[in-house]
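Contents: one structure, followed by commentary.
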Amino acid sequence: MKRSGVRLAKILRAALTVAPILLLQPAALSQSLTASANPPSGGAGLNDSYLTGSGFPAGAITGAAVHFGTSCAAPAVASGPVIQVTTQGVLRRFEFLIPASLSPGSYQVWLSGTAGATTFNTLNTPSCSAIGVTASVTGTASLGAAIAGAGVTLVDANGNTATGVTASDGTFTLSSAGLTPPYLVKVVTASTSGPFPAGTTLYSVSADGNVSTHINVHVLSDLILRSFYSAQGIDPDTAFANPAGANAAPTPVAVQALASLVIPAVQLWLNNAAVNATPGPPASGSINLISSPFTAYPAGVTPTAGLDAVLHLITSETIDPGDVTNVTIANSPITETITPAYSGGDVTLNTTTTNTVTGVSSSESFMGLVITSANQSVVSGIDAELAVLASIVTTNGSALTGAELLPVYGPDYLNDGLNATQAAAAFAPEVAGATVNSLQVQSIQNLNSATDVADVIAAYTITEGSQSQSGTTEWIFKNEGGTWLMYGDQQIASLELQAGGRHYEGTSSFTGNIVEAGVEAPVGTLSGATVSSSLSIWSSGITQNLPEGPIQVSSPVNLNQFRADSNPILPFPKTVIPTSTSFTFTVAPVSGPAVQYTVPSNADTTETISITSPTATGLAHANLGSPLQVQWTLPQTFAVTSIEIDGQTFNGPENSPSTLQCTTTVNPATNATSASITLPSTCGGSPVVNAWVNLNIGGLNGLTSGAWFFF
């Protein structure tokens, strides 16, 4: 009995050892797929195909997915769900939609899922099927709600077309196999969408040069496309019917230039919806209004964030006959009206944003030149010189000096009173040590074909250490002997013109809407300056002398300042300076005749902000030499693009030309409501006898709302 018991125990142990092997056998079965999917090719996001294979575990298949790779090995470049599985004898057949995210090309496809209780993955064999992906165009159409059942027409650069219908969520997919970008897209609504009637036509255009791409269609894309043609005096309907020659669709560079006007025009609403929009290719969390996929919500659902949250607030777009004459965006109590104007290739978007409860308002204008084949060479030429500049900055690293930068400056360079040597010396410390990842023309502000002078906005991305930064800067170039070199504004002084709400606190009290005018130039170059306009807003009427103030300590040269504020513009707060109001500065050099410059006012606001801390006056409360905490309120009628706190300290009377003024600057985040700043106890080696804090909240085009606290 004892020996029998031992034998039984051995048998049981052996059985337990074998059992796991038997349990693992179904999962280890070899799945085998046919060499090719059927059909062997199809459009991304457009066509279904099938994978057929054998050797799958027994049981119903659930959670099956297809995976696409450049080879039969991980990682996958795209994945998608299996729509249905059918059984044919020992074979299983898996239906799937080719993912819309796939670029045209050849791929290997494999399967994963669960059969009964057993998981499988054909990569374990490995076994894959080949499939070819052809070109397609996807997109989403929204009028503040997903546009369902609308006809979609795409036309390519050669006039070839593809048609389709939007799905219930506003999405569409069209085959672009054999088509040539850039594409124009038209959506015609089949039913009423909010305030927009059935039959509403919206246009869009591809934002890149890819055969397969994504093109959203909404009021903002419509504004971009119509503005391109309206600025040239071309009816968009005519261009869409025959997009050749002068009617050709805008290039990606031209689309980017127009988007750089539309985005700032709606920046307030983009900020409120936490949308970081970019005119160019999206990166680092940003989106492109046209090429970035988004979710269009159905009627009755109001999103609070994302692009569709902005589109939901667009209440009207007026077309007359092909031009956009008005776009209205509203979210009580704030309403914005965009009024475009077109002339000689220029696009101007005038905006007015009003708080209907308080009556305060802000106005801004955004102007640029449409980029066509006639001026594309200007963009290409300036881009070539920007590439030289980027190379100089990156190659020299932290050792960069102004001397290395001089080759990109023209010999006749003059900007705000600085010559090429001075400007390069000032610019070098700002970019020394940076790696320029990209630097190219984003838009043309102004082009004088007779003098070959172009005012451009350049977009850049730079890296310093572990930090990357993107932004734009404005430069003026001139074609000098076939090379576009930096030319500057050719002014002997810098001019400042700001109109907006102002709030003085502390030892000085004032609330109103004023215009600030100022002139700065290297010390010893000017003897005086005045400003005038058609508005009788100055203490002396339409012309105001700009008194000389303290010397501004600056590098590479110190600056003389001449500045004055207008009288309060009444009745406040319901009056703003009309956009495009001209102001003429007369600047008198130490030797030679006076020079006049005309500056338009392109932004104004009657909305004031407040510094809520500090509250105590007296120099002791400025906390000289130690951090001072500053708190403030934010505006509602314009998008905040910058917040700057300037601590101004003086070693004598602040209005005396012999006094030195020292500035300490802090730039908090654009949504911040507090920050600390340390004001120095000395200026120019002498004790500080007067100090104040200047808070400037900036919008676009020079719009500001400021608050001052005087100690």
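Numbering starts fresh at 1 for the residues of each chain in the structure tokens, the chains themselves are lettered A, B, ... in the order given, and ligands are numbered from 1 as they appear.
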Requested in this report: Please provide the set of residues having any atom within 7 Å of Ala428 of chain A, restricted to only C-alpha atoms, with same-chain residues fewer than 2 positions apart removed, written as a ChimeraX atom specification.
Outcome: /A:400-402,424-426,430-432
Those same residues, written as a JSON list (two decimals), in the first residue's frame with N, CA and C atoms?
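Below is the file selection.json, written as the result:
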[["chain", "number", "residue", "atom", "x", "y", "z"],
["A", 400, "LEU", "N", 28.30, 84.36, -30.05],
["A", 400, "LEU", "CA", 27.80, 85.25, -31.09],
["A", 400, "LEU", "C", 27.97, 86.72, -30.70],
["A", 401, "THR", "N", 28.45, 87.52, -31.64],
["A", 401, "THR", "CA", 28.55, 88.97, -31.46],
["A", 401, "THR", "C", 27.87, 89.66, -32.63],
["A", 402, "GLY", "N", 27.72, 90.96, -32.51],
["A", 402, "GLY", "CA", 27.11, 91.72, -33.59],
["A", 402, "GLY", "C", 27.88, 91.64, -34.89],
["A", 424, "ALA", "N", 22.86, 95.30, -34.78],
["A", 424, "ALA", "CA", 23.42, 93.95, -34.66],
["A", 424, "ALA", "C", 23.97, 93.71, -33.26],
["A", 425, "ALA", "N", 24.61, 94.73, -32.69],
["A", 425, "ALA", "CA", 25.15, 94.60, -31.33],
["A", 425, "ALA", "C", 24.04, 94.43, -30.30],
["A", 426, "ALA", "N", 22.89, 95.04, -30.55],
["A", 426, "ALA", "CA", 21.76, 94.90, -29.63],
["A", 426, "ALA", "C", 21.07, 93.56, -29.79],
["A", 430, "GLU", "N", 20.46, 88.86, -27.53],
["A", 430, "GLU", "CA", 19.12, 88.29, -27.41],
["A", 430, "GLU", "C", 19.07, 86.85, -27.91],
["A", 431, "VAL", "N", 19.93, 86.50, -28.88],
["A", 431, "VAL", "CA", 19.86, 85.17, -29.49],
["A", 431, "VAL", "C", 21.13, 84.34, -29.29],
["A", 432, "ALA", "N", 22.14, 84.91, -28.64],
["A", 432, "ALA", "CA", 23.38, 84.17, -28.42],
["A", 432, "ALA", "C", 23.10, 82.90, -27.63]]
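Residue nearest Thr351 of chain A, chosen from A:Leu268, A:Ile392, A:Val689, A:Ile98 and counting only C-alpha atoms: A:Leu268.
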**Report entry** Close residues, Glu95 of chain A itself excluded, 10 Å, only C-alpha atoms, min 5 positions apart in chain, as JSON, numbers by chain
**Finding:** {"A": [37, 38, 48, 49, 50, 51, 52, 65, 66, 81, 82, 83, 84, 85, 86]}
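Candidate residues A:Val347, A:Ala257, A:Ala162, A:Ile697 were compared for distance to Ile457 of chain A, and the nearest is A:Ala257, using only C-alpha atoms.
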Report task. Write out as a PyMOL selection string each polymer residue whose atoms come within 9 Å of Ser658 of chain A, counting only C-alpha atoms; drop sequence neighbours fewer than 6 positions from it. Result -> chain A and resi 549-551+652
Report task. Go ahead and compute the interatomic distance for atom CA of Ala341 of chain A and atom CA of Arg226 of chain A, in Å to one decimal. Result -> 11.6 Å
Requested in this report: List every residue of segment 167-343 of chain A that DSSP, applied to the backbone of this structure, assigns to helix (DSSP H, G or I), and report them as a PyMOL selection string.
Outcome: chain A and resi 219-230+236-241+245-247+252-265+267-272+307-311
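Among the candidates A:Thr472, A:Asn216, A:Thr511, A:Asn690, the one nearest to Pro653 of chain A when counting only C-alpha atoms is A:Asn690.
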Query raised in the report: Neighbours of segment 562-570 of chain A within 9 Å (only C-alpha atoms; same-chain residues fewer than 2 positions away dropped), as a ChimeraX atom specification?
Result: /A:496,511-521,528-530,537-539,544-550,560,572-577
